[in-house]
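Undergrad: Next up, protein-v9.pdb (PDB, C-alpha atoms).
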```pdb
ATOM      1  CA  GLY O 239     -58.682 -32.356 -12.263
ATOM      2  CA  GLU O 240     -55.567 -31.800 -14.256
ATOM      3  CA  GLY O 241     -53.207 -32.359 -11.344
ATOM      4  CA  ALA O 242     -50.209 -30.386 -10.171
ATOM      5  CA  LEU O 243     -48.795 -29.907 -13.672
ATOM      6  CA  GLY O 244     -51.934 -28.489 -15.211
ATOM      7  CA  GLY O 245     -52.094 -31.309 -17.748
ATOM      8  CA  ARG O 246     -48.596 -30.849 -19.164
ATOM      9  CA  ALA O 247     -45.479 -32.996 -19.117
ATOM     10  CA  LEU O 248     -42.186 -31.838 -17.643
ATOM     11  CA  GLY O 249     -39.324 -31.293 -20.040
ATOM     12  CA  GLU O 250     -35.855 -32.764 -19.695
ATOM     13  CA  ALA O 251     -34.546 -29.608 -17.987
ATOM     14  CA  GLU O 252     -37.402 -29.489 -15.429
ATOM     15  CA  TRP O 253     -38.046 -32.931 -13.977
ATOM     16  CA  ARG O 254     -34.943 -33.323 -11.802
ATOM     17  CA  ALA O 255     -35.577 -30.073  -9.919
ATOM     18  CA  ARG O 256     -39.146 -31.152  -9.132
ATOM     19  CA  LEU O 257     -38.536 -34.744  -7.952
ATOM     20  CA  GLY O 258     -39.222 -33.841  -4.327
ATOM     21  CA  GLU O 259     -42.817 -32.923  -5.203
ATOM     22  CA  PHE O 260     -44.028 -36.274  -6.496
ATOM     23  CA  ASP O 261     -45.446 -39.318  -4.709
ATOM     24  CA  TRP O 262     -44.808 -41.494  -7.784
ATOM     25  CA  VAL O 263     -41.971 -41.419 -10.316
ATOM     26  CA  ILE O 264     -42.607 -43.584 -13.369
ATOM     27  CA  VAL O 265     -39.651 -44.241 -15.659
ATOM     28  CA  SER O 266     -40.458 -45.063 -19.274
ATOM     29  CA  VAL O 267     -37.522 -44.296 -21.555
ATOM     30  CA  PRO O 268     -35.523 -46.277 -24.111
ATOM     31  CA  ALA O 269     -32.203 -47.837 -23.164
ATOM     32  CA  THR O 270     -29.559 -45.583 -24.704
ATOM     33  CA  GLU O 271     -26.147 -44.282 -23.730
ATOM     34  CA  ALA O 272     -27.865 -41.126 -22.446
ATOM     35  CA  THR O 273     -30.330 -43.029 -20.244
ATOM     36  CA  ASN O 274     -27.894 -45.572 -18.780
ATOM     37  CA  GLY O 275     -27.967 -44.923 -15.010
ATOM     38  CA  LEU O 276     -30.398 -42.017 -15.488
ATOM     39  CA  ILE O 277     -31.972 -42.713 -12.097
ATOM     40  CA  ASP O 278     -28.848 -42.765  -9.937
ATOM     41  CA  ALA O 279     -28.216 -42.377  -6.209
ATOM     42  CA  ALA O 280     -28.436 -38.561  -6.368
ATOM     43  CA  THR O 281     -31.718 -38.701  -8.280
ATOM     44  CA  ILE O 282     -33.203 -41.175  -5.811
ATOM     45  CA  ALA O 283     -32.019 -39.027  -2.878
ATOM     46  CA  ALA O 284     -33.796 -36.021  -4.432
ATOM     47  CA  MET O 285     -37.093 -37.899  -4.543
ATOM     48  CA  LYS O 286     -39.749 -37.198  -1.936
ATOM     49  CA  PRO O 287     -39.321 -39.382   1.169
ATOM     50  CA  GLY O 288     -41.774 -42.266   0.997
ATOM     51  CA  SER O 289     -42.313 -41.866  -2.734
ATOM     52  CA  ARG O 290     -42.579 -44.826  -5.062
ATOM     53  CA  LEU O 291     -40.485 -45.617  -8.116
ATOM     54  CA  VAL O 292     -41.875 -47.534 -11.097
ATOM     55  CA  ASN O 293     -39.565 -48.812 -13.824
ATOM     56  CA  VAL O 294     -41.195 -49.899 -17.074
ATOM     57  CA  ALA O 295     -38.170 -48.816 -19.111
ATOM     58  CA  ARG O 296     -35.048 -51.001 -18.990
ATOM     59  CA  GLY O 297     -33.081 -52.286 -16.010
ATOM     60  CA  SER O 298     -29.992 -50.309 -17.048
ATOM     61  CA  VAL O 299     -31.853 -47.009 -16.543
ATOM     62  CA  ILE O 300     -31.911 -47.359 -12.726
ATOM     63  CA  ASP O 301     -28.966 -47.822 -10.389
ATOM     64  CA  GLN O 302     -30.376 -50.920  -8.680
ATOM     65  CA  GLU O 303     -27.901 -50.807  -5.792
ATOM     66  CA  ALA O 304     -28.943 -47.229  -4.983
ATOM     67  CA  MET O 305     -32.615 -48.171  -5.278
ATOM     68  CA  ILE O 306     -32.133 -51.135  -2.930
ATOM     69  CA  ALA O 307     -30.309 -48.935  -0.398
ATOM     70  CA  ALA O 308     -33.123 -46.346  -0.539
ATOM     71  CA  LEU O 309     -35.743 -49.061  -0.018
ATOM     72  CA  GLU O 310     -33.847 -50.548   2.917
ATOM     73  CA  SER O 311     -33.410 -47.132   4.563
ATOM     74  CA  GLY O 312     -37.083 -46.277   4.067
ATOM     75  CA  HIS O 313     -36.376 -43.255   1.853
ATOM     76  CA  LEU O 314     -38.296 -44.938  -0.959
ATOM     77  CA  GLY O 315     -41.715 -46.198   0.033
ATOM     78  CA  GLY O 316     -41.724 -48.770  -2.729
ATOM     79  CA  ALA O 317     -40.336 -49.846  -6.069
ATOM     80  CA  PHE O 318     -42.176 -51.613  -8.848
ATOM     81  CA  CYS O 319     -39.813 -53.148 -11.395
ATOM     82  CA  ASP O 320     -41.128 -54.560 -14.639
ATOM     83  CA  VAL O 321     -37.478 -54.855 -15.667
ATOM     84  CA  THR O 322     -34.233 -55.575 -13.823
ATOM     85  CA  THR O 323     -30.521 -55.987 -14.423
ATOM     86  CA  PRO O 324     -29.855 -58.751 -15.149
ATOM     87  CA  GLU O 325     -32.942 -60.366 -16.570
ATOM     88  CA  PRO O 326     -34.034 -62.782 -15.417
ATOM     89  CA  LEU O 327     -33.092 -61.765 -11.907
ATOM     90  CA  PRO O 328     -31.190 -64.594 -10.169
ATOM     91  CA  PRO O 329     -33.106 -66.267  -7.302
ATOM     92  CA  ASP O 330     -30.514 -65.099  -4.751
ATOM     93  CA  HIS O 331     -30.484 -61.430  -5.869
ATOM     94  CA  PRO O 332     -31.020 -58.961  -2.965
ATOM     95  CA  LEU O 333     -33.878 -57.253  -4.819
ATOM     96  CA  TRP O 334     -36.081 -60.261  -4.059
ATOM     97  CA  ARG O 335     -35.612 -59.712  -0.300
ATOM     98  CA  VAL O 336     -35.686 -55.926   0.008
ATOM     99  CA  PRO O 337     -38.743 -54.377   1.716
ATOM    100  CA  ASN O 338     -41.392 -52.860  -0.527
ATOM    101  CA  ALA O 339     -39.820 -54.073  -3.788
ATOM    102  CA  HIS O 340     -42.120 -55.702  -6.309
ATOM    103  CA  VAL O 341     -40.565 -57.458  -9.281
TER     104      VAL O 341
END
```
Using the file provided, produce a representation of the structure as structure tokens.

TA:
Amino acid sequence: GEGALGGRALGEAEWRARLGEFDWVIVSVPATEATNGLIDAATIAAMKPGSRLVNVARGSVIDQEAMIAALESGHLGGAFCDVTTPEPLPPDHPLWRVPNAHV
């Protein structure tokens, strides 16, 4: 089937209000001044409990501290990070130890 959106993408004005509906949030945007910290603590809090966050954009797009806190609390069911801040991620960075994080 076409899924919950009927085969269409959400516009910039729509996606934030609908975050609580999705099991997966996949972030794929360029690193710009406008996207720096785009996925912040408030955005992560608005996501559906147990949902999963995938970042294939740039590390600067996601507030990593907020993501780590949401993973540790169980609000996020998982995070899949193709990119991090900084890159490469230091061996002692907390993201390596947080539950359900995949780097």

Undergrad: Can you tell me, as a CSV table (one decimal) with C-alpha atoms, keeping the file's coordinate frame, what residues are no more than 8 Å from Arg254 of chain O when counting all atoms listed in the file, ignoring any on the same chain fewer than 4 positions away?

TA:
```
chain,number,residue,atom,x,y,z
O,250,GLU,CA,-35.9,-32.8,-19.7
O,281,THR,CA,-31.7,-38.7,-8.3
O,284,ALA,CA,-33.8,-36.0,-4.4
```

Undergrad: Could you check which of O:Ala307, O:Ala255, O:Ile300, O:Val265 is closest to Pro332 of chain O, using all atoms listed in the file?

TA: O:Ala307

Undergrad: How many Å separate atom CA of Gly312 of chain O from atom CA of Glu259 of chain O?

TA: 17.2 Å

Undergrad: From the options O:Arg335, O:Arg246, O:His340, O:His313, which residue's atoms come nearest to Ala283 of chain O, counting all atoms listed in the file?

TA: O:His313

Undergrad: Selected by the PyMOL selection byres ((chain O and resi 316-326) around 9) in the shown coordinates: which residues, as a PDB file with C-alpha atoms, keeping the file's coordinate frame?

TA:
```
ATOM      1  CA  GLY O 288     -41.774 -42.266   0.997  1.00  0.00           C
ATOM      2  CA  SER O 289     -42.313 -41.866  -2.734  1.00  0.00           C
ATOM      3  CA  ARG O 290     -42.579 -44.826  -5.062  1.00  0.00           C
ATOM      4  CA  LEU O 291     -40.485 -45.617  -8.116  1.00  0.00           C
ATOM      5  CA  VAL O 292     -41.875 -47.534 -11.097  1.00  0.00           C
ATOM      6  CA  ASN O 293     -39.565 -48.812 -13.824  1.00  0.00           C
ATOM      7  CA  VAL O 294     -41.195 -49.899 -17.074  1.00  0.00           C
ATOM      8  CA  ALA O 295     -38.170 -48.816 -19.111  1.00  0.00           C
ATOM      9  CA  ARG O 296     -35.048 -51.001 -18.990  1.00  0.00           C
ATOM     10  CA  GLY O 297     -33.081 -52.286 -16.010  1.00  0.00           C
ATOM     11  CA  SER O 298     -29.992 -50.309 -17.048  1.00  0.00           C
ATOM     12  CA  ILE O 300     -31.911 -47.359 -12.726  1.00  0.00           C
ATOM     13  CA  GLN O 302     -30.376 -50.920  -8.680  1.00  0.00           C
ATOM     14  CA  MET O 305     -32.615 -48.171  -5.278  1.00  0.00           C
ATOM     15  CA  ILE O 306     -32.133 -51.135  -2.930  1.00  0.00           C
ATOM     16  CA  LEU O 309     -35.743 -49.061  -0.018  1.00  0.00           C
ATOM     17  CA  GLY O 312     -37.083 -46.277   4.067  1.00  0.00           C
ATOM     18  CA  HIS O 313     -36.376 -43.255   1.853  1.00  0.00           C
ATOM     19  CA  LEU O 314     -38.296 -44.938  -0.959  1.00  0.00           C
ATOM     20  CA  GLY O 315     -41.715 -46.198   0.033  1.00  0.00           C
ATOM     21  CA  LEU O 327     -33.092 -61.765 -11.907  1.00  0.00           C
ATOM     22  CA  PRO O 328     -31.190 -64.594 -10.169  1.00  0.00           C
ATOM     23  CA  PRO O 329     -33.106 -66.267  -7.302  1.00  0.00           C
ATOM     24  CA  PRO O 337     -38.743 -54.377   1.716  1.00  0.00           C
ATOM     25  CA  ASN O 338     -41.392 -52.860  -0.527  1.00  0.00           C
ATOM     26  CA  ALA O 339     -39.820 -54.073  -3.788  1.00  0.00           C
ATOM     27  CA  HIS O 340     -42.120 -55.702  -6.309  1.00  0.00           C
ATOM     28  CA  VAL O 341     -40.565 -57.458  -9.281  1.00  0.00           C
TER      29      VAL O 341
END
```

Undergrad: Could you jot down the atom CA of Leu248 of chain O to atom CA of Val267 of chain O separation for me, Å, one decimal place?

TA: 13.9 Å

Undergrad: Find, counting all atoms listed in the file, the residue in O:Glu310, O:Asp301, O:Val336, O:Asp330 that gets nearest to Asn274 of chain O.

TA: O:Asp301

Undergrad: Pick out the closest residue to Gly258 of chain O from this set: O:Thr273, O:Pro287, O:Glu303, O:Trp334. Count all atoms listed in the file.

TA: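 Closest to Gly258 of chain O, using all atoms listed in the file: O:Pro287.
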
Undergrad: Using all atoms listed in the file, which residue out of O:Met285, O:Ala308, O:Leu333, O:Val299 lies closest to Asp261 of chain O?

TA: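 Using all atoms listed in the file, the shortest distance to Asp261 of chain O belongs to O:Met285.
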
Undergrad: Expressed in Å to a single decimal, how great is the separation between atom CA of Val263 of chain O and atom CA of Ala251 of chain O?

TA: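 Spanning atom CA of Val263 of chain O to atom CA of Ala251 of chain O is a straight-line distance of 15.9 Å.
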
Undergrad: Using the file's own x, y and z axes, what box holds all listed atoms of segment 290-303 of chain O with 5 Å on each side, keeping edges along x, y and z, and what are its centre and edge lengths in Å to one decimal, as AutoDock Vina command-line options?

TA:
```
--center_x -35.2 --center_y -48.6 --center_z -12.1 --size_x 24.7 --size_y 17.5 --size_z 24.0
```

Undergrad: Check the smallest atom-to-atom distance from each of O:Glu271, O:Ile277, O:His331, O:Ala304 to Trp253 of chain O using only C-alpha atoms, then report the winner.

TA: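 With only C-alpha atoms as the atom set, the closest residue is O:Ile277.
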